[in-house]
$ cat structure.txt   # compact mmCIF, C-alpha atoms
# COMPACT_ATOMS: atom_id res chain seq x y z
CA MET A 237 -36.72 21.55 89.06
CA THR A 238 -35.71 23.88 86.25
CA ASP A 239 -38.02 24.89 83.41
CA PRO A 240 -36.25 23.84 80.18
CA THR A 241 -38.15 26.39 78.06
CA ALA A 242 -37.18 29.32 80.27
CA GLU A 243 -33.63 28.07 80.67
CA PHE A 244 -33.23 27.63 76.95
CA ALA A 245 -34.61 31.12 76.31
CA ALA A 246 -31.86 32.52 78.51
CA ILE A 247 -29.22 30.53 76.65
CA GLN A 248 -30.64 31.66 73.31
CA ALA A 249 -30.55 35.29 74.38
CA MET A 250 -26.81 34.83 74.88
CA HIS A 251 -26.25 32.69 71.76
CA PRO A 252 -29.07 33.14 69.20
CA SER A 253 -28.12 30.14 67.04
CA ALA A 254 -28.54 27.72 69.97
CA SER A 255 -31.08 24.95 69.46
CA LEU A 256 -32.89 22.72 71.92
CA HIS A 257 -33.01 18.94 71.39
CA THR A 258 -33.64 15.85 73.50
CA GLU A 259 -31.63 12.71 74.11
CA GLY A 260 -32.81 9.91 76.35
CA GLY A 261 -35.86 12.06 77.12
CA ASN A 262 -33.66 14.85 78.52
CA PRO A 263 -33.10 18.34 77.09
CA VAL A 264 -29.81 19.00 75.30
CA VAL A 265 -28.66 22.39 74.03
CA LEU A 266 -26.57 22.68 70.88
CA LEU A 267 -24.42 25.81 70.72
CA PRO A 268 -22.93 26.01 67.21
CA ASN A 269 -19.81 28.14 66.64
CA PHE A 270 -19.58 29.08 70.28
CA LYS A 271 -16.74 31.47 71.12
CA PHE A 272 -14.92 31.06 74.41
CA ARG A 273 -11.46 31.27 75.92
CA ALA A 274 -9.49 28.10 76.51
CA GLY A 275 -5.98 28.07 77.90
CA GLY A 276 -5.82 31.83 77.51
CA ARG A 277 -6.68 31.95 73.81
CA ALA A 278 -9.86 32.44 71.82
CA VAL A 279 -11.50 29.23 70.56
CA GLU A 280 -14.60 28.69 68.45
CA MET A 281 -16.39 25.36 68.16
CA ALA A 282 -19.77 23.69 68.69
CA LEU A 283 -20.67 22.81 72.27
CA LEU A 284 -23.43 20.61 73.61
CA LEU A 285 -24.80 21.28 77.07
CA TYR A 286 -26.44 18.31 78.76
CA PRO A 287 -28.07 19.82 81.87
CA SER A 288 -28.95 16.50 83.54
CA ALA A 289 -27.19 13.26 84.46
CA HIS A 290 -25.15 11.70 81.69
CA SER A 291 -22.49 8.96 81.74
CA GLY A 292 -22.16 9.10 85.52
CA TYR A 293 -21.86 12.90 85.83
CA VAL A 294 -24.62 15.11 87.19
CA THR A 295 -24.40 17.42 84.15
CA ARG A 296 -22.02 17.54 81.19
CA LEU A 297 -20.64 19.83 78.53
CA PHE A 298 -19.49 18.20 75.30
CA PHE A 299 -16.96 19.80 72.96
CA GLU A 300 -16.70 19.38 69.20
CA ARG A 301 -12.92 18.98 69.54
CA LYS A 302 -10.63 17.71 72.26
CA LEU A 303 -8.74 20.40 74.18
CA GLU A 304 -6.33 18.01 75.85
CA GLY A 305 -3.98 19.53 78.40
CA VAL A 306 -5.83 22.84 78.32
CA GLY A 307 -6.73 24.35 81.69
CA LYS A 308 -7.56 21.87 84.41
CA SER A 309 -9.31 19.47 82.07
CA GLN A 310 -8.21 15.85 82.15
CA ASN A 311 -9.11 12.46 80.81
CA TRP A 312 -10.95 13.47 77.63
CA LYS A 313 -13.27 10.75 76.32
CA GLU A 314 -15.36 10.31 73.19
CA HIS A 315 -19.14 10.26 73.40
CA THR A 316 -21.95 9.99 70.89
CA VAL A 317 -24.87 12.31 71.58
CA LEU A 318 -27.52 13.32 69.03
CA SER A 319 -25.81 10.89 66.63
CA ARG A 320 -22.60 12.96 66.62
CA LYS A 321 -19.23 12.41 68.20
CA TRP A 322 -18.25 14.77 70.99
CA TRP A 323 -15.42 15.06 73.48
CA ALA A 324 -15.78 15.67 77.21
CA PRO A 325 -13.20 15.95 79.98
CA SER A 326 -13.68 14.52 83.42
CA TRP A 327 -15.14 17.62 85.10
CA LYS A 328 -17.40 16.71 87.95
CA ASP A 329 -19.95 18.19 90.26
CA VAL A 330 -21.42 20.94 88.08
CA VAL A 331 -24.81 20.73 89.71
CA ALA A 332 -28.07 20.59 87.78
CA ALA A 333 -29.90 22.96 90.15
CA GLN A 334 -28.62 26.21 88.67
CA PRO A 335 -29.39 28.34 85.61
CA TRP A 336 -28.11 26.77 82.38
CA THR A 337 -26.08 29.89 81.60
CA SER A 338 -24.24 29.51 84.93
CA MET A 339 -23.86 25.78 84.30
CA LEU A 340 -22.22 26.50 80.96
CA GLY A 341 -19.76 28.85 82.62
CA ALA A 342 -19.00 26.31 85.35
CA HIS A 343 -18.17 23.68 82.75
CA LEU A 344 -16.05 26.04 80.69
CA ARG A 345 -13.87 26.66 83.74
CA ALA A 346 -12.41 23.20 83.03
CA VAL A 347 -10.60 24.60 79.99
CA ALA A 348 -10.17 28.23 81.06
CA MET B 105 -27.27 -29.07 47.49
CA THR B 106 -25.78 -25.90 48.96
CA ARG B 107 -23.73 -25.40 52.08
CA PHE B 108 -26.87 -24.00 53.76
CA ASP B 109 -29.06 -27.09 53.19
CA ARG B 110 -28.97 -28.04 56.85
CA GLN B 111 -30.50 -24.70 57.87
CA SER B 112 -33.15 -24.59 55.15
CA PHE B 113 -35.85 -24.78 57.86
CA LEU B 114 -35.13 -21.08 58.48
CA GLY B 115 -37.33 -20.34 55.47
CA ALA B 116 -37.45 -20.61 51.70
CA ASP B 117 -35.55 -17.39 51.04
CA SER B 118 -33.54 -17.32 54.25
CA GLU B 119 -30.23 -17.74 52.42
CA SER B 120 -30.75 -14.60 50.33
CA ARG B 121 -32.15 -12.64 53.30
CA LEU B 122 -29.14 -13.48 55.43
CA TYR B 123 -26.73 -12.64 52.62
CA ALA B 124 -28.50 -9.33 52.00
CA ALA B 125 -28.33 -8.32 55.67
CA THR B 126 -25.66 -6.07 57.15
CA LEU B 127 -24.62 -6.56 60.73
CA GLY B 128 -22.89 -3.93 62.83
CA LEU B 129 -20.57 -5.52 65.37
CA VAL B 130 -19.11 -3.24 68.00
CA GLY B 131 -16.43 -4.88 70.11
CA LEU B 132 -14.55 -7.84 68.66
CA GLY B 133 -13.15 -9.34 71.83
CA GLY B 134 -14.35 -12.45 73.62
CA GLY B 135 -18.06 -12.06 72.82
CA GLY B 136 -17.89 -10.20 69.51
CA SER B 137 -15.42 -12.62 67.93
CA HIS B 138 -17.80 -15.54 68.56
CA ILE B 139 -20.54 -13.57 66.82
CA VAL B 140 -18.26 -12.90 63.85
CA GLN B 141 -17.55 -16.60 63.49
CA GLN B 142 -21.15 -17.76 63.90
CA THR B 143 -22.67 -15.16 61.60
CA GLY B 144 -20.03 -16.05 59.01
CA HIS B 145 -21.17 -19.66 59.21
CA LEU B 146 -24.82 -18.60 59.20
CA GLY B 147 -24.35 -16.75 55.92
CA ILE B 148 -24.71 -13.07 56.85
CA GLY B 149 -23.33 -11.15 53.86
CA GLY B 150 -22.59 -7.65 55.18
CA TYR B 151 -20.50 -6.55 58.13
CA VAL B 152 -19.39 -3.35 59.77
CA VAL B 153 -16.84 -4.62 62.28
CA VAL B 154 -15.57 -2.07 64.78
CA ASP B 155 -12.81 -2.28 67.37
CA PRO B 156 -9.89 0.06 68.14
CA ASP B 157 -7.60 -2.64 69.57
CA HIS B 158 -5.16 -5.26 68.41
CA ILE B 159 -4.79 -8.72 69.88
CA THR B 160 -2.74 -9.06 73.06
CA GLU B 161 -1.56 -12.09 74.96
CA THR B 162 -4.38 -11.92 77.50
CA ASN B 163 -6.94 -12.09 74.65
CA THR B 164 -5.75 -15.48 73.48
CA ASN B 165 -7.81 -17.38 76.07
CA ARG B 166 -10.99 -16.41 74.23
CA LEU B 167 -10.58 -14.38 71.03
CA ILE B 168 -12.05 -16.60 68.33
CA GLY B 169 -9.99 -16.56 65.14
CA GLY B 170 -6.98 -15.05 66.88
CA ALA B 171 -3.79 -17.11 66.59
CA LEU B 172 -0.60 -16.96 68.62
CA ALA B 173 1.21 -15.77 65.49
CA ASP B 174 -1.04 -12.68 65.54
CA LEU B 175 0.65 -11.54 68.75
CA LYS B 176 3.97 -11.02 67.03
CA ALA B 177 2.28 -9.45 64.01
CA VAL B 178 0.26 -7.15 66.30
CA THR B 179 -2.82 -7.99 64.26
CA THR B 180 -5.81 -5.76 64.79
CA LYS B 181 -9.05 -7.33 65.98
CA VAL B 182 -10.85 -6.04 62.89
CA ALA B 183 -8.26 -7.77 60.68
CA ILE B 184 -8.83 -11.03 62.58
CA ALA B 185 -12.59 -10.63 62.16
CA GLU B 186 -12.24 -9.91 58.46
CA ARG B 187 -10.00 -12.95 57.99
CA LEU B 188 -12.51 -15.12 59.81
CA ILE B 189 -15.43 -13.94 57.70
CA ARG B 190 -13.53 -14.27 54.42
CA GLY B 191 -12.68 -17.85 55.38
CA LEU B 192 -16.39 -18.63 55.63
CA GLN B 193 -17.97 -16.42 52.97
CA GLU B 194 -17.12 -16.23 49.28
CA HIS B 195 -18.21 -12.67 48.63
CA PRO B 196 -18.74 -10.87 51.92
CA ARG B 197 -19.22 -7.11 52.16
CA ILE B 198 -17.01 -5.97 55.03
CA ILE B 199 -16.26 -2.50 56.32
CA PRO B 200 -13.58 -2.87 58.98
CA VAL B 201 -13.24 0.12 61.29
CA HIS B 202 -10.09 0.00 63.38
CA ASP B 203 -11.30 2.76 65.67
CA THR B 204 -13.91 3.42 68.32
CA TRP B 205 -17.55 3.13 67.27
CA HIS B 206 -17.93 6.88 67.80
CA ASN B 207 -15.95 7.22 64.57
CA ALA B 208 -18.07 4.63 62.75
CA THR B 209 -21.56 6.05 63.16
CA GLY B 210 -21.86 6.81 59.43
CA GLU B 211 -21.30 3.12 58.68
CA LEU B 212 -23.31 1.77 61.62
CA LYS B 213 -26.45 3.72 60.77
CA ARG B 214 -26.68 1.70 57.55
CA CYS B 215 -26.80 -1.65 59.39
CA ASP B 216 -29.88 -3.84 59.79
CA ILE B 217 -28.93 -4.95 63.30
CA ILE B 218 -26.25 -3.67 65.69
CA VAL B 219 -24.68 -5.97 68.26
CA GLY B 220 -22.79 -4.42 71.15
CA ALA B 221 -20.19 -6.53 72.91
CA VAL B 222 -18.63 -3.66 74.81
CA ASP B 223 -17.16 -3.39 78.28
CA SER B 224 -18.68 -0.29 79.83
CA PHE B 225 -22.18 0.81 80.77
CA LYS B 226 -21.52 4.24 79.26
CA GLU B 227 -20.74 2.72 75.86
CA ARG B 228 -23.74 0.37 76.07
CA GLU B 229 -26.14 3.19 76.76
CA GLN B 230 -24.79 5.49 74.05
CA LEU B 231 -24.72 2.71 71.48
CA GLU B 232 -28.30 1.76 72.25
CA ARG B 233 -29.42 5.40 72.06
CA PHE B 234 -27.70 5.70 68.68
CA ALA B 235 -29.41 2.52 67.43
CA ARG B 236 -32.81 3.72 68.67
CA ARG B 237 -32.47 7.05 66.89
CA HIS B 238 -31.92 5.17 63.66
CA LEU B 239 -34.62 2.54 64.34
CA ILE B 240 -32.08 -0.27 64.30
CA PRO B 241 -32.57 -3.33 66.54
CA TYR B 242 -29.78 -3.47 69.12
CA ILE B 243 -28.56 -6.65 70.79
CA ASP B 244 -26.42 -6.31 73.90
CA ILE B 245 -24.31 -9.09 75.32
CA GLY B 246 -22.11 -8.96 78.39
CA MET B 247 -20.64 -11.14 81.05
CA ASP B 248 -18.96 -10.62 84.38
CA VAL B 249 -17.41 -12.75 87.09
CA HIS B 250 -18.57 -11.89 90.60
CA ASP B 251 -16.42 -12.64 93.61
CA LEU B 252 -18.71 -14.20 96.21
CA GLY B 253 -15.90 -14.46 98.76
CA ASP B 254 -14.20 -17.54 100.13
CA LYS B 255 -12.67 -18.17 96.67
CA THR B 256 -16.11 -18.67 95.16
CA TYR B 257 -16.96 -17.01 91.86
CA LEU B 258 -20.19 -16.63 89.95
CA ILE B 259 -20.18 -16.18 86.19
CA GLY B 260 -23.12 -14.04 85.17
CA GLY B 261 -24.23 -12.37 81.98
CA GLN B 262 -27.09 -11.09 79.88
CA VAL B 263 -28.44 -10.97 76.36
CA ILE B 264 -30.89 -8.18 75.64
CA LEU B 265 -32.75 -7.46 72.44
CA SER B 266 -33.68 -3.79 72.44
CA MET B 267 -36.12 -2.84 69.70
CA PRO B 268 -37.39 0.66 68.92
CA GLY B 269 -40.46 1.42 71.02
CA LYS B 270 -39.95 -1.52 73.37
CA ALA B 271 -38.22 -1.82 76.74
CA CYS B 272 -34.57 -0.73 76.70
CA ILE B 273 -31.51 -1.72 78.72
CA ARG B 274 -32.35 1.04 81.22
CA CYS B 275 -35.87 -0.41 81.58
CA CYS B 276 -34.17 -3.77 82.27
CA GLY B 277 -32.20 -2.22 85.12
CA LEU B 278 -28.87 -3.04 83.50
CA ILE B 279 -28.06 0.66 83.17
CA THR B 280 -28.58 2.72 86.32
CA GLU B 281 -27.28 6.11 87.40
CA GLU B 282 -25.47 4.36 90.28
CA ARG B 283 -23.59 2.06 87.92
CA LEU B 284 -22.73 4.92 85.58
CA THR B 285 -21.49 7.04 88.48
CA LEU B 286 -19.40 4.19 89.86
CA GLU B 287 -17.92 3.63 86.43
CA ALA B 288 -17.24 7.35 85.90
CA ASN B 289 -15.44 7.49 89.24
CA LYS B 290 -13.03 4.95 87.82
CA TYR B 291 -12.67 7.23 84.77
CA GLY B 292 -14.60 4.76 82.64
CA ALA B 293 -11.90 2.14 82.86
CA ALA B 294 -13.48 -1.27 82.78
CA GLY B 295 -10.16 -2.75 83.88
CA SER B 296 -9.07 -6.25 83.01
CA ARG B 297 -12.11 -8.13 84.19
CA PRO B 298 -12.16 -11.93 84.20
CA GLN B 299 -13.46 -13.44 80.96
CA VAL B 300 -13.73 -17.01 79.73
CA VAL B 301 -14.33 -18.44 76.30
CA TRP B 302 -17.33 -20.69 76.96
CA SER B 303 -19.47 -18.04 78.68
CA ASN B 304 -18.80 -15.60 75.87
CA GLY B 305 -19.75 -18.39 73.47
CA ALA B 306 -23.04 -19.11 75.24
CA LEU B 307 -24.06 -15.45 75.20
CA ALA B 308 -22.93 -14.94 71.60
CA SER B 309 -24.84 -18.05 70.48
CA ALA B 310 -28.04 -16.71 72.02
CA ALA B 311 -27.46 -13.39 70.26
CA VAL B 312 -26.93 -15.10 66.90
CA GLY B 313 -30.16 -17.04 67.49
CA LEU B 314 -31.95 -13.70 67.89
CA ILE B 315 -30.34 -12.41 64.69
CA ALA B 316 -31.66 -15.45 62.82
CA GLN B 317 -35.13 -14.96 64.32
CA LEU B 318 -35.16 -11.32 63.24
CA LEU B 319 -33.86 -11.84 59.72
CA THR B 320 -35.38 -15.08 58.50
CA PRO B 321 -38.97 -16.35 58.19
CA TRP B 322 -38.15 -19.05 60.77
CA PHE B 323 -40.26 -17.27 63.43
CA LYS B 324 -43.71 -16.22 62.29
CA GLU B 325 -43.62 -13.47 64.89
CA PRO B 326 -40.08 -12.22 65.40
CA PRO B 327 -39.17 -11.28 68.97
CA GLU B 328 -39.78 -7.67 70.02
CA PHE B 329 -38.06 -7.70 73.39
CA VAL B 330 -35.79 -10.31 74.94
CA TYR B 331 -33.92 -10.26 78.24
CA LEU B 332 -32.01 -13.43 79.05
CA ASP B 333 -29.96 -14.12 82.15
CA TYR B 334 -26.90 -16.31 82.01
CA ASP B 335 -25.71 -18.26 85.02
CA GLY B 336 -22.37 -19.74 84.10
CA ASN B 337 -22.12 -21.76 87.28
CA ARG B 338 -25.38 -23.60 86.60
CA GLY B 339 -24.93 -23.46 82.85
CA THR B 340 -28.36 -21.91 82.32
CA LEU B 341 -29.64 -19.17 80.06
CA VAL B 342 -33.21 -18.29 81.03
CA PRO B 343 -35.62 -15.39 80.58
CA ASN B 344 -35.09 -12.74 83.24
CA ASP B 345 -37.97 -12.35 85.71
CA ARG B 346 -38.63 -8.87 84.32
CA MET B 347 -38.97 -10.04 80.72
CA GLU B 348 -42.68 -10.80 80.94
CA LEU B 349 -43.37 -7.65 82.96
CA LEU B 350 -41.54 -5.45 80.48
CA ARG B 351 -42.90 -7.09 77.34
CA ASN B 352 -45.54 -4.47 76.58
CA LYS B 353 -43.99 -1.59 78.45
CA ILE B 354 -43.70 1.68 76.54
CA CYS B 355 -40.13 2.78 77.05
CA PRO B 356 -39.90 6.23 78.67
CA HIS B 357 -36.19 6.57 77.95
CA HIS B 358 -36.42 6.73 74.17
CA PRO B 359 -39.49 8.77 73.20
CA PRO B 360 -40.61 8.42 69.57
CA GLU B 361 -39.91 12.09 68.83
CA GLU B 362 -36.20 11.33 69.24
CA THR B 363 -36.23 9.21 66.13
CA GLY B 364 -33.94 10.41 63.35
CA ASP B 365 -30.80 12.46 63.17
CA PRO B 366 -31.57 15.90 64.64
CA LEU B 367 -28.38 17.42 63.23
CA PHE B 368 -28.72 16.03 59.72
CA ASP B 369 -26.89 18.21 57.26
CA VAL B 370 -26.78 17.27 53.59
CA ARG B 371 -23.16 18.54 53.30
CA GLU B 372 -22.15 16.24 56.14
CA PHE B 373 -24.08 13.42 54.46
CA ASN B 374 -22.11 13.92 51.26
CA ARG B 375 -18.84 13.83 53.20
CA LEU B 376 -19.87 10.63 54.98
CA THR B 377 -20.89 9.02 51.73
CA ALA B 378 -17.49 9.85 50.26
CA ASP B 379 -15.77 8.46 53.36
CA LEU B 380 -17.81 5.28 53.08
CA ALA B 381 -16.94 4.89 49.42
CA LEU B 382 -13.26 5.33 50.27
CA ARG B 383 -13.45 2.67 52.96
CA LYS B 384 -15.17 0.32 50.57
CA GLY B 385 -12.39 0.92 48.09
CA LYS B 386 -14.73 2.31 45.47
CA LEU B 387 -12.62 5.44 45.18
CA ALA B 388 -8.88 5.72 45.25
CA SER B 389 -7.56 7.62 48.24
CA THR B 390 -5.15 9.53 45.98
CA PRO B 391 -6.03 11.27 42.71
CA ALA B 392 -5.65 9.16 39.59
CA PRO B 393 -2.33 9.84 37.83
CA THR B 394 -2.55 12.22 34.86
CA SER B 395 -2.10 10.57 31.50
CA PHE B 396 1.27 11.35 29.89
CA TRP B 397 -0.39 13.19 26.99
CA LYS B 398 -2.35 15.46 29.34
CA LYS B 399 0.72 16.77 31.15
CA PRO B 400 1.96 19.13 28.36
CA LEU B 401 -1.60 20.43 27.95
CA ALA B 402 -1.77 21.16 31.68
CA VAL B 403 1.53 23.12 31.50
CA ILE B 404 0.25 25.17 28.51
CA ALA B 405 -3.08 25.81 30.28
CA LYS B 406 -1.27 26.99 33.42
CA PHE B 407 0.97 29.27 31.31
CA LEU B 408 -2.09 30.80 29.61
CA GLY B 409 -3.77 31.21 32.98
CA LEU B 410 -6.64 28.94 32.09
$ encode --input "structure.txt" --output "structure tokens"
Amino acid sequence: MTDPTAEFAAIQAMHPSASLHTEGGNPVVLLPNFKFRAGGRAVEMALLLYPSAHSGYVTRLFFERKLEGVGKSQNWKEHTVLSRKWWAPSWKDVVAAQPWTSMLGAHLRAVA
Amino acid sequence: MTRFDRQSFLGADSESRLYAATLGLVGLGGGGSHIVQQTGHLGIGGYVVVDPDHITETNTNRLIGGALADLKAVTTKVAIAERLIRGLQEHPRIIPVHDTWHNATGELKRCDIIVGAVDSFKEREQLERFARRHLIPYIDIGMDVHDLGDKTYLIGGQVILSMPGKACIRCCGLITEERLTLEANKYGAAGSRPQVVWSNGALASAAVGLIAQLLTPWFKEPPEFVYLDYDGNRGTLVPNDRMELLRNKICPHHPPEETGDPLFDVREFNRLTADLALRKGKLASTPAPTSFWKKPLAVIAKFLGL
């Protein structure tokens, strides 16, 4: 069982504008203007890390915009979380029992 | 005498209450199209109708208001819904959204009640969560045909009224992690599941009954939580066994602190309001043409660098 406060503190150390919310009673981390590499180029957009089960996946990372055909990501679908529309590819088996910072990296490998 | 005389028992001001209400309808297929028709008859005045699809041949066994001529015209389901409502209401307020509901949240959050007639568990759960955040009653309808083997089939379904603070569709056991996982393994594709017009009609009728109970003074104490089971083989619609048990349950899946829009941004609000106005036709989507006498002035101003 992870401690959301400690996990969020680690995320915030990496990305100071991150904010912690809840949806369905579960913690959700908003990462505004997050910079990462997708398909070999630099991308900046908001991300939403859902570190517990959501929509049939053990954990999920939602993207502000669809990055279709980028990296190994496939089957992008729309979702509404925190009253906003997000996109997520089918990227399975990123386990919940790991630090949120590692989880974020594991999800981003879908579009690397 | 008005056209609503026969439903005057709903309450002295029920006509104006129903006309003032705005209903969000997500999914305008077999179930949703029945709701469109019935609420049009009932006298609901405002509608946000949402569906990304157009009519196809396999819809014509159950899509209320859809005609065979619509196949050739590739008519959208929202256009069929709008046509149906306008045939029953003199001055309806309709916002048709030919898109997924994820692109209609600005419009849906202004509704008095949201009805979900969607195919997947994922969509059901997210739509309910959205409705809860905005303190909007959510009514879910759904049906399925179960293969019992030996060429025997059972038509089943449910109608759930999910109110803020009360038991939700997860509390009812309709949404489970197992079901969501199974669905995700099929990449969320609901597939072309069997559907028939009368079962959709039975479920939709029960949902419209709940809408009337919520909006009019007909019921002294409007329902706070309803979970009905439909058995299409027996032709019964009865309270689920869990309904009494869940009646006073405090829902753990939607804590009160999740109420409201956590990412509210006034700039986003202004953009949404402008979008809404555009959809309602209050604003033109292109700038108004410049009057002929203003054009020379504009040229002179540009020349002077003003």
$ interface_residues --input "structure.txt" --of "chain B" --to "chain A" --cutoff "6 Å" --atoms "all atoms listed in the file" --output "PyMOL selection string"
chain B and resi 206+226+234+284-285+288+357-358
$ write_last_selection --input "structure.txt" --atoms "C-alpha atoms" --output "mmCIF file, in the coordinates of the input"
data_model
loop_
_atom_site.group_PDB
_atom_site.id
_atom_site.type_symbol
_atom_site.label_atom_id
_atom_site.label_comp_id
_atom_site.auth_asym_id
_atom_site.auth_seq_id
_atom_site.Cartn_x
_atom_site.Cartn_y
_atom_site.Cartn_z
ATOM 1 C CA HIS B 206 -17.930 6.880 67.800
ATOM 2 C CA LYS B 226 -21.520 4.240 79.260
ATOM 3 C CA PHE B 234 -27.700 5.700 68.680
ATOM 4 C CA LEU B 284 -22.730 4.920 85.580
ATOM 5 C CA THR B 285 -21.490 7.040 88.480
ATOM 6 C CA ALA B 288 -17.240 7.350 85.900
ATOM 7 C CA HIS B 357 -36.190 6.570 77.950
ATOM 8 C CA HIS B 358 -36.420 6.730 74.170
#
$ residues_near_point --input "structure.txt" --point "(-15.1, -12.9, 51.2)" --cutoff "10 Å" --atoms "only C-alpha atoms" --output "ChimeraX atom specification"
/B:144,149-150,186-198
$ axis_aligned_box --input "structure.txt" --around "stretch 304-321 of chain B" --padding-each-side "6 Å" --output "JSON"
{"center_x": -28.9, "center_y": -15.2, "center_z": 67.0, "size_x": 32.2, "size_y": 19.8, "size_z": 29.7}
$ residues_around --input "structure.txt" --residues "B:Ile218" --least-positions-apart "2" --cutoff "10 Å" --atoms "all atoms listed in the file" --output "number ranges by chain"
B: 126-130, 151-152, 212-216, 220-221, 231-232, 234-235, 240-244, 315
$ closest_residue --input "structure.txt" --among "B:Ser120, B:Asn337, B:Ser303, B:Thr209" --to "B:Gly246" --atoms "all atoms listed in the file"
B:Ser303
$ atom_distance --input "structure.txt" --atom1 "atom CA of B:Arg110" --atom2 "atom CA of B:Leu318"
18.9 Å
$ atom_distance --input "structure.txt" --atom1 "atom CA of A:Pro268" --atom2 "atom CA of B:Arg228"
27.1 Å
$ closest_residue --input "structure.txt" --among "A:Ala348, A:Val265, A:Trp327, A:Thr337" --to "A:Met250" --atoms "only C-alpha atoms"
A:Thr337
$ closest_residue --input "structure.txt" --among "B:Ile148, B:Leu319, B:Val330, B:Leu307" --to "B:Leu265" --atoms "all atoms listed in the file"
B:Val330
$ atom_distance --input "structure.txt" --atom1 "atom CA of A:Phe298" --atom2 "atom CA of B:Met267"
27.4 Å
